[in-house]
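Below: the structure, in structure tokens.
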Amino acid sequence: MDLSTYVNRPLPCACGKVHEVPIRRIEIGEHALTSLADFVQSESWGRVLVVDDDRTGAVLGDTVTAALKASGADVSSIRFRLPSSHEGEHLTADREAIDLAQEAIGRAKAAVVVVVGSGTLTDIGRYASAQSGIPFVSVATAPSVDGYASTVAALQFDGMKVTKAAQAPVGIFALPSVLAGAPWELIQAGFGDLIGKTTSLLDWKLACHLYSEDWCQASYDLVASSLNECLTLVDRLLVRDPRAVEALFKGLLSSGIAMAMMGNSRPASGSEHHCSHYWDFLAYKKQRRHGSHGMQVGFATYFTMQAYEALALNRGLREPEYPEPDAGWFDEVRNRWGVAADEVIAQQSDKRAWIRQREKPVTWGAHAQQAIVDALKTELSGLADIRRALALMGLSTSGASLEVTSDVLYDTLVHAREVRARYTIFDFWAGQGLLEEIAQVICEKATL
Ligand SMILES: [Zn+2]
Ligand SMILES: [Zn+2]
């Protein structure tokens with residue numbers, strides 16, 4: 001897939017929009033550092049701050065610095081320290097890290113930040129550069145998340161995971177040999193984030209079928225083709241074939257591009273991401289440890305796809321009602337969500353208002369369930385392959401390491417929909433009064 005066709009130009013689309021992706025250059029290949037040096041030179045930035053950490057610095061940061069210096073740039077650097085006992089991502093994108101990066105930008109009088117790293121480090125550089133009013137370039141070292149192309153940064157302020165407006169990188173560069181050498185848990189996580197699009201796409205299509213949600217076939221196809229390709233990669237990912245790891249990375253970037261095209265995360269985040277957010281919230285409450293985003297998303301997909309498979313059991317569907325909640329619901333939300341309760345209440349109020357105002361093309365009753373199954377036929381027919389891929393990549397058996405017990409899973413399936421206004425399969429079953437029953441059935445089958 002040639003991603004360069006999506007960047008640096010307006011994209012008139014059959015959906016009626018002209019999509020704009022705010023990335024100017026994407027280069028993935030063993031020559032990527034030469035392209036990076038050319039790019040930095042052609043932009044006449046002059047002063048560059050390279051941001052890396054102990055691991056990514058040794059793997060690639062020093063080489064990046066040397067390449068930029070050789071092309072005439074004035075290069076400073078800041079290297080974050082990692083605990084030496086573990087591999088993988090253990091850096092936190094917190095205020096302290098952001099402050100350190102911003103101080104370094106100021107000291108270097110940098111005109112651009114070049115981040116050499118994966119998700120967390122990229123978010124530190126993304127946010128600090130945006131705060132300092134300068135652009136940033138991403139040199140990716142692991143295919144671990146779909147967020148490289150994102151405009152928002154996932155940060156952790158006062159122990160709480162938050163998403164803050166920041167900026168997309170102006171350029172993304174990666175060497176397949178470096179991506180393939182990333183710690184295995186980061187490759188696994190990237191696969192988890194990508195395979196999670198299975199239910200992101202299903203949720204999107206379901207909302208289109210029931211509530212005429214905005215649709216863009218090009219964005220859908222971009223994510224769906226990346227997802228389908230990643231399913232063919234499993235055997236080669238297990239032996240870290242650089243071309244397979246490169247394809248995984250491109251698939252993740254494609255998801256990021258699809259989100260940029262839509263201007264929101266609908267094509268790449270649905271019920272499976274809501275489960276992951278719920279687990280992040282439990283970690284914030286110290287009821288479990290923080291887990292990696294992609295591992296959580298992959299694990300959640302194993303269950304959100306079962307919520308779709310439950311459509312196979314035909315029941316006469318009733319027209320769902322979304323009445324204003326009673327006082328008991330507000331009490332329950334305050335008990336469960338504490339500091340996040342106001343946000344949950346606002347998101348659910350937005351969801352009810354959204355459903356009310358949408359056009360509803362569906363006729364409810366005896367044939368409604370079959371009509372939904374028909375509308376989702378292509379996606380539903382692929383779920384057996386998804387299950388196999390999750391198992392082979394070690395993503396469906398990670399309940400213990402993610403500290404998700406059967407009780408936690410039940411609460412997740414019933415309450416994850418509360419974190420966002422976005423309509424998903426959980427809202428569908430809730431609208432039928434069957435969410436608790438479906439959650440119970442899924443939990444009984446789970447080996448946790
Ligand atoms: Zn994700
Ligand atoms: Zn479109």
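Chain labels follow the order of the structure tokens: the first chain is A, the next B, and so on; residue numbering restarts at 1 in every chain, and ligands are counted from 1 in their shown order.
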Exercise for the section: Show which residues sit within 10 Å of region 57-63 of chain A, as a PyMOL selection string. Count only C-alpha atoms, and ignore same-chain residues fewer than 4 positions away. Expected result: chain A and resi 33+50-53+67-69+77-80+114-117+139-141+175+178+181-182
Requested write-out: C-alpha atoms of the selected residues, as a PDB file, in the first residue's frame:
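The resulting file, part-v5.pdb, is reproduced below:
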```pdb
ATOM      1  CA  LEU A  33      17.023   8.350   7.350  1.00  0.00           C
ATOM      2  CA  VAL A  50      16.096  14.919  18.833  1.00  0.00           C
ATOM      3  CA  VAL A  51      13.992  13.245  21.569  1.00  0.00           C
ATOM      4  CA  ASP A  52      14.721   9.589  22.358  1.00  0.00           C
ATOM      5  CA  ASP A  53      15.170   7.235  25.334  1.00  0.00           C
ATOM      6  CA  ALA A  67      22.494  11.798   9.758  1.00  0.00           C
ATOM      7  CA  LEU A  68      20.951  15.171  10.587  1.00  0.00           C
ATOM      8  CA  LYS A  69      24.322  16.659  11.586  1.00  0.00           C
ATOM      9  CA  SER A  77      19.076  16.055  22.033  1.00  0.00           C
ATOM     10  CA  ILE A  78      17.239  14.937  25.130  1.00  0.00           C
ATOM     11  CA  ARG A  79      17.354  11.283  26.174  1.00  0.00           C
ATOM     12  CA  PHE A  80      14.779   9.933  28.646  1.00  0.00           C
ATOM     13  CA  VAL A 114      12.333  14.803  15.902  1.00  0.00           C
ATOM     14  CA  VAL A 115      11.008  12.011  18.136  1.00  0.00           C
ATOM     15  CA  VAL A 116      12.799   8.677  17.800  1.00  0.00           C
ATOM     16  CA  GLY A 117      10.541   6.211  19.600  1.00  0.00           C
ATOM     17  CA  VAL A 139      10.809   8.442  13.514  1.00  0.00           C
ATOM     18  CA  ALA A 140       8.916   5.338  14.609  1.00  0.00           C
ATOM     19  CA  THR A 141      10.754   2.475  16.306  1.00  0.00           C
ATOM     20  CA  LEU A 175      13.087   1.532   8.961  1.00  0.00           C
ATOM     21  CA  VAL A 178      14.248  -1.381  13.303  1.00  0.00           C
ATOM     22  CA  GLY A 181      13.656  -5.557  16.205  1.00  0.00           C
ATOM     23  CA  ALA A 182      11.152  -3.918  18.588  1.00  0.00           C
TER      24      ALA A 182
END
```
Exercise for the section: Could you tell me, counting only C-alpha atoms and all ligand atoms, which protein and nucleic acid residues lie no more than 10 Å from ligand 2, written as a VMD selection string? Expected result: chain A and resid 11 to 19 214 to 220 258 261 to 262
Practice task
Could you give me, as a PyMOL selection string, every polymer residue with an atom at most 7 Å away from an atom of ligand 1, counting only C-alpha atoms and all ligand atoms?
Solution key: chain A and resi 145-146+193+269+273+293-294+297
Emit the selected residues as a tab-separated table (two decimals), in the first residue's frame, including N, CA and C atoms.
```
chain	number	residue	atom	x	y	z
A	145	VAL	N	1.19	1.05	18.04
A	145	VAL	CA	-0.12	1.73	18.16
A	145	VAL	C	-0.49	2.37	16.83
A	146	ASP	N	-1.77	2.73	16.70
A	146	ASP	CA	-2.18	3.43	15.48
A	146	ASP	C	-2.12	4.94	15.65
A	193	ASP	N	-4.06	-3.59	18.54
A	193	ASP	CA	-4.73	-2.33	18.21
A	193	ASP	C	-5.37	-2.42	16.82
A	269	SER	N	-12.07	3.01	16.37
A	269	SER	CA	-12.27	2.90	17.81
A	269	SER	C	-13.75	2.70	18.10
A	273	HIS	N	-12.37	-0.50	22.18
A	273	HIS	CA	-11.61	0.58	22.81
A	273	HIS	C	-12.31	1.07	24.08
A	293	HIS	N	-1.99	-0.43	25.84
A	293	HIS	CA	-3.22	-0.11	25.09
A	293	HIS	C	-3.57	-1.21	24.09
A	294	GLY	N	-2.61	-1.58	23.25
A	294	GLY	CA	-2.90	-2.55	22.19
A	294	GLY	C	-3.20	-3.94	22.72
A	297	VAL	N	-6.77	-3.71	23.92
A	297	VAL	CA	-7.73	-3.63	22.81
A	297	VAL	C	-7.88	-5.02	22.15
```
Handout entry: Point-to-point distance in Å for CA of Ala93 (chain A) and CA of Ala66 (chain A)
Key =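 Taking CA of Ala66 (chain A) and CA of Ala93 (chain A), their separation equals 26.4 Å.
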Practice task
From a DSSP pass on the backbone, collect the residues of region 115-322 of chain A flagged as alpha helix (DSSP H) and hand them back as an MDAnalysis selection string.
Solution key: chainID A and resid 119:132 176:180 184:195 197:211 217:231 234:238 242:262 271:284 293:309
Could you write out that same residue set with C-alpha atoms as a CSV table (one decimal), in the first residue's frame?
```csv
chain,number,residue,atom,x,y,z
A,119,GLY,CA,3.8,5.5,21.4
A,120,THR,CA,4.6,7.1,24.7
A,121,LEU,CA,7.7,9.0,23.6
A,122,THR,CA,5.9,10.2,20.5
A,123,ASP,CA,3.0,11.6,22.6
A,124,ILE,CA,5.5,13.4,24.9
A,125,GLY,CA,7.2,15.0,21.8
A,126,ARG,CA,3.8,15.6,20.1
A,127,TYR,CA,2.4,17.5,23.1
A,128,ALA,CA,5.6,19.4,24.1
A,129,SER,CA,6.2,20.6,20.5
A,130,ALA,CA,2.6,21.7,20.1
A,131,GLN,CA,2.8,23.6,23.4
A,132,SER,CA,6.0,25.2,22.2
A,176,PRO,CA,11.5,-2.0,8.7
A,177,SER,CA,14.6,-3.6,10.2
A,178,VAL,CA,14.2,-1.4,13.3
A,179,LEU,CA,10.5,-2.0,13.6
A,180,ALA,CA,11.1,-5.8,13.3
A,184,TRP,CA,7.8,-8.5,21.1
A,185,GLU,CA,5.2,-7.0,23.4
A,186,LEU,CA,5.1,-3.9,21.3
A,187,ILE,CA,4.6,-5.9,18.1
A,188,GLN,CA,1.8,-7.9,19.8
A,189,ALA,CA,0.2,-4.6,21.0
A,190,GLY,CA,0.3,-3.1,17.6
A,191,PHE,CA,-1.4,-6.2,16.2
A,192,GLY,CA,-4.0,-6.0,19.0
A,193,ASP,CA,-4.7,-2.3,18.2
A,194,LEU,CA,-5.2,-3.2,14.5
A,195,ILE,CA,-7.3,-6.4,15.0
A,197,LYS,CA,-10.7,-2.5,14.2
A,198,THR,CA,-12.9,-5.6,13.6
A,199,THR,CA,-15.5,-4.4,16.1
A,200,SER,CA,-14.7,-0.6,15.4
A,201,LEU,CA,-15.8,-1.2,11.8
A,202,LEU,CA,-18.8,-3.4,12.9
A,203,ASP,CA,-20.0,-0.7,15.4
A,204,TRP,CA,-19.7,2.0,12.7
A,205,LYS,CA,-21.7,0.0,10.2
A,206,LEU,CA,-24.3,-1.0,12.8
A,207,ALA,CA,-24.8,2.7,13.6
A,208,CYS,CA,-25.1,3.5,9.9
A,209,HIS,CA,-27.7,0.7,9.4
A,210,LEU,CA,-29.8,1.8,12.4
A,211,TYR,CA,-29.2,5.5,12.7
A,217,GLN,CA,-16.5,4.2,2.1
A,218,ALA,CA,-12.9,5.2,1.4
A,219,SER,CA,-12.1,5.5,5.1
A,220,TYR,CA,-13.8,2.3,5.8
A,221,ASP,CA,-12.0,0.5,3.0
A,222,LEU,CA,-8.6,1.8,4.1
A,223,VAL,CA,-9.1,0.3,7.6
A,224,ALA,CA,-10.8,-2.9,6.4
A,225,SER,CA,-8.0,-3.6,3.9
A,226,SER,CA,-5.3,-3.1,6.5
A,227,LEU,CA,-7.2,-5.4,8.9
A,228,ASN,CA,-7.6,-8.1,6.3
A,229,GLU,CA,-3.9,-7.9,5.3
A,230,CYS,CA,-2.8,-8.1,8.9
A,231,LEU,CA,-4.7,-11.4,9.3
A,234,VAL,CA,0.4,-13.8,11.6
A,235,ASP,CA,2.8,-16.6,10.7
A,236,ARG,CA,5.4,-14.2,9.5
A,237,LEU,CA,5.0,-11.8,12.4
A,238,LEU,CA,5.7,-14.7,14.8
A,242,PRO,CA,10.6,-7.4,8.5
A,243,ARG,CA,8.2,-7.2,5.6
A,244,ALA,CA,5.3,-8.5,7.7
A,245,VAL,CA,6.2,-6.0,10.5
A,246,GLU,CA,6.4,-3.2,7.9
A,247,ALA,CA,2.9,-4.2,6.7
A,248,LEU,CA,1.6,-4.1,10.3
A,249,PHE,CA,3.1,-0.7,10.7
A,250,LYS,CA,1.5,0.5,7.5
A,251,GLY,CA,-1.8,-0.9,8.6
A,252,LEU,CA,-1.6,1.1,11.8
A,253,LEU,CA,-0.7,4.2,9.9
A,254,SER,CA,-3.6,3.6,7.6
A,255,SER,CA,-6.0,3.6,10.6
A,256,GLY,CA,-4.5,6.9,11.7
A,257,ILE,CA,-5.0,8.3,8.2
A,258,ALA,CA,-8.6,7.1,8.1
A,259,MET,CA,-9.2,8.8,11.4
A,260,ALA,CA,-7.6,12.0,10.1
A,261,MET,CA,-9.9,11.7,7.0
A,262,MET,CA,-13.0,11.5,9.1
A,271,SER,CA,-16.7,-1.1,21.8
A,272,GLU,CA,-13.3,-2.8,22.1
A,273,HIS,CA,-11.6,0.6,22.8
A,274,HIS,CA,-14.3,1.4,25.3
A,275,CYS,CA,-13.5,-1.8,27.2
A,276,SER,CA,-9.8,-0.7,27.2
A,277,HIS,CA,-10.8,2.8,28.5
A,278,TYR,CA,-12.8,1.1,31.2
A,279,TRP,CA,-9.7,-1.0,32.3
A,280,ASP,CA,-7.6,2.2,32.2
A,281,PHE,CA,-10.1,3.7,34.6
A,282,LEU,CA,-9.9,0.7,37.0
A,283,ALA,CA,-6.1,1.1,36.9
A,284,TYR,CA,-6.5,4.8,37.8
A,293,HIS,CA,-3.2,-0.1,25.1
A,294,GLY,CA,-2.9,-2.5,22.2
A,295,MET,CA,-2.8,-5.6,24.4
A,296,GLN,CA,-6.0,-4.4,26.1
A,297,VAL,CA,-7.7,-3.6,22.8
A,298,GLY,CA,-6.8,-7.0,21.3
A,299,PHE,CA,-8.0,-8.9,24.4
A,300,ALA,CA,-11.3,-6.9,24.5
A,301,THR,CA,-11.9,-7.7,20.8
A,302,TYR,CA,-12.2,-11.4,21.7
A,303,PHE,CA,-15.3,-10.5,23.7
A,304,THR,CA,-16.8,-7.6,21.7
A,305,MET,CA,-16.9,-9.9,18.7
A,306,GLN,CA,-18.9,-12.4,20.8
A,307,ALA,CA,-21.4,-9.6,21.4
A,308,TYR,CA,-21.8,-9.5,17.6
A,309,GLU,CA,-22.0,-13.3,17.3
```
Problem - Residues near region 314-319 of chain A, cut-off 12 Å, only C-alpha atoms, skip fewer than 6 positions along chain, as a PyMOL selection string - result: chain A and resi 210+360-373+428-434
Fill in the blank from the handout: Students should find that CA of Ala101 (chain A) and CA of Leu49 (chain A) are spaced 9.3 Å
Practice task
Between A:Gln102, A:Gln357, A:Thr92, A:Ser349, single out the one closest to Ser292 (chain A), counting only C-alpha atoms.
Solution key: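 Ranking A:Gln102, A:Gln357, A:Thr92, A:Ser349 by distance to Ser292 (chain A), first place goes to A:Thr92.
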Practice task
Can you work out which one of A:Ala108, A:Gln287, A:Thr405, A:Phe157 has the shortest atom-to-atom distance to Leu448 (chain A), counting only C-alpha atoms?
Solution key: A:Thr405
Exercise for the section: Could you give me, as a list of chain:residue names, each residue of region 119-362 of chain A that DSSP assigns to strand (DSSP E or B) when run on this structure's backbone? Expected result: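 Checking each residue of region 119-362 of chain A, the strand (DSSP E or B) ones are A:Phe136, A:Val137, A:Ser138, A:Val139, A:Ala140, A:Val152, A:Ala153, A:Ala154, A:Leu155, A:Gln156, A:Phe157, A:Met160, A:Lys161, A:Val162, A:Thr163, A:Lys164, A:Ala165, A:Gly171, A:Ile172, A:Phe173, A:Ala174, A:Leu317.
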Dump as a PDB file, in the first residue's frame, selection limited to N, CA and C atoms:
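See out15.pdb below for the written result:
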```
ATOM      1  N   PHE A 136       6.555  18.772  14.715  1.00  0.00           N
ATOM      2  CA  PHE A 136       7.377  17.615  15.065  1.00  0.00           C
ATOM      3  C   PHE A 136       7.325  16.551  13.982  1.00  0.00           C
ATOM      4  N   VAL A 137       8.414  15.766  13.983  1.00  0.00           N
ATOM      5  CA  VAL A 137       8.580  14.680  13.020  1.00  0.00           C
ATOM      6  C   VAL A 137       8.693  13.397  13.822  1.00  0.00           C
ATOM      7  N   SER A 138       8.047  12.325  13.352  1.00  0.00           N
ATOM      8  CA  SER A 138       8.110  11.052  14.061  1.00  0.00           C
ATOM      9  C   SER A 138       9.020  10.079  13.317  1.00  0.00           C
ATOM     10  N   VAL A 139      10.026   9.564  14.034  1.00  0.00           N
ATOM     11  CA  VAL A 139      10.809   8.442  13.514  1.00  0.00           C
ATOM     12  C   VAL A 139      10.402   7.250  14.379  1.00  0.00           C
ATOM     13  N   ALA A 140       9.558   6.392  13.821  1.00  0.00           N
ATOM     14  CA  ALA A 140       8.916   5.338  14.609  1.00  0.00           C
ATOM     15  C   ALA A 140       9.861   4.154  14.802  1.00  0.00           C
ATOM     16  N   VAL A 152      -4.036  14.025  18.441  1.00  0.00           N
ATOM     17  CA  VAL A 152      -4.203  14.150  19.899  1.00  0.00           C
ATOM     18  C   VAL A 152      -3.146  13.310  20.621  1.00  0.00           C
ATOM     19  N   ALA A 153      -2.813  13.732  21.832  1.00  0.00           N
ATOM     20  CA  ALA A 153      -1.801  13.024  22.618  1.00  0.00           C
ATOM     21  C   ALA A 153      -2.471  12.311  23.793  1.00  0.00           C
ATOM     22  N   ALA A 154      -2.089  11.046  24.008  1.00  0.00           N
ATOM     23  CA  ALA A 154      -2.580  10.306  25.178  1.00  0.00           C
ATOM     24  C   ALA A 154      -1.592  10.545  26.317  1.00  0.00           C
ATOM     25  N   LEU A 155      -2.045  11.254  27.334  1.00  0.00           N
ATOM     26  CA  LEU A 155      -1.151  11.644  28.433  1.00  0.00           C
ATOM     27  C   LEU A 155      -1.687  11.102  29.746  1.00  0.00           C
ATOM     28  N   GLN A 156      -0.855  11.182  30.768  1.00  0.00           N
ATOM     29  CA  GLN A 156      -1.297  10.766  32.088  1.00  0.00           C
ATOM     30  C   GLN A 156      -1.038  11.903  33.063  1.00  0.00           C
ATOM     31  N   PHE A 157      -2.102  12.634  33.390  1.00  0.00           N
ATOM     32  CA  PHE A 157      -1.973  13.774  34.294  1.00  0.00           C
ATOM     33  C   PHE A 157      -2.625  13.406  35.624  1.00  0.00           C
ATOM     34  N   MET A 160      -4.385  10.106  35.968  1.00  0.00           N
ATOM     35  CA  MET A 160      -5.542   9.847  35.108  1.00  0.00           C
ATOM     36  C   MET A 160      -5.135   9.922  33.639  1.00  0.00           C
ATOM     37  N   LYS A 161      -5.569   8.930  32.844  1.00  0.00           N
ATOM     38  CA  LYS A 161      -5.294   8.994  31.401  1.00  0.00           C
ATOM     39  C   LYS A 161      -6.178  10.045  30.764  1.00  0.00           C
ATOM     40  N   VAL A 162      -5.576  10.961  30.048  1.00  0.00           N
ATOM     41  CA  VAL A 162      -6.353  12.010  29.378  1.00  0.00           C
ATOM     42  C   VAL A 162      -5.898  12.131  27.931  1.00  0.00           C
ATOM     43  N   THR A 163      -6.800  12.598  27.080  1.00  0.00           N
ATOM     44  CA  THR A 163      -6.462  12.848  25.689  1.00  0.00           C
ATOM     45  C   THR A 163      -6.472  14.344  25.468  1.00  0.00           C
ATOM     46  N   LYS A 164      -5.340  14.890  25.012  1.00  0.00           N
ATOM     47  CA  LYS A 164      -5.238  16.345  24.838  1.00  0.00           C
ATOM     48  C   LYS A 164      -4.984  16.689  23.379  1.00  0.00           C
ATOM     49  N   ALA A 165      -5.608  17.762  22.933  1.00  0.00           N
ATOM     50  CA  ALA A 165      -5.360  18.241  21.575  1.00  0.00           C
ATOM     51  C   ALA A 165      -3.875  18.584  21.441  1.00  0.00           C
ATOM     52  N   GLY A 171       5.982  14.761   9.377  1.00  0.00           N
ATOM     53  CA  GLY A 171       6.552  13.651   8.622  1.00  0.00           C
ATOM     54  C   GLY A 171       6.646  12.404   9.490  1.00  0.00           C
ATOM     55  N   ILE A 172       6.491  11.233   8.867  1.00  0.00           N
ATOM     56  CA  ILE A 172       6.663   9.966   9.593  1.00  0.00           C
ATOM     57  C   ILE A 172       7.677   9.128   8.826  1.00  0.00           C
ATOM     58  N   PHE A 173       8.716   8.668   9.533  1.00  0.00           N
ATOM     59  CA  PHE A 173       9.791   7.905   8.914  1.00  0.00           C
ATOM     60  C   PHE A 173      10.008   6.623   9.721  1.00  0.00           C
ATOM     61  N   ALA A 174      10.302   5.517   9.042  1.00  0.00           N
ATOM     62  CA  ALA A 174      10.567   4.265   9.767  1.00  0.00           C
ATOM     63  C   ALA A 174      11.415   3.323   8.924  1.00  0.00           C
ATOM     64  N   LEU A 317     -36.881  -8.369  17.582  1.00  0.00           N
ATOM     65  CA  LEU A 317     -36.319  -7.161  18.182  1.00  0.00           C
ATOM     66  C   LEU A 317     -37.410  -6.118  18.365  1.00  0.00           C
TER      67      LEU A 317
END
```
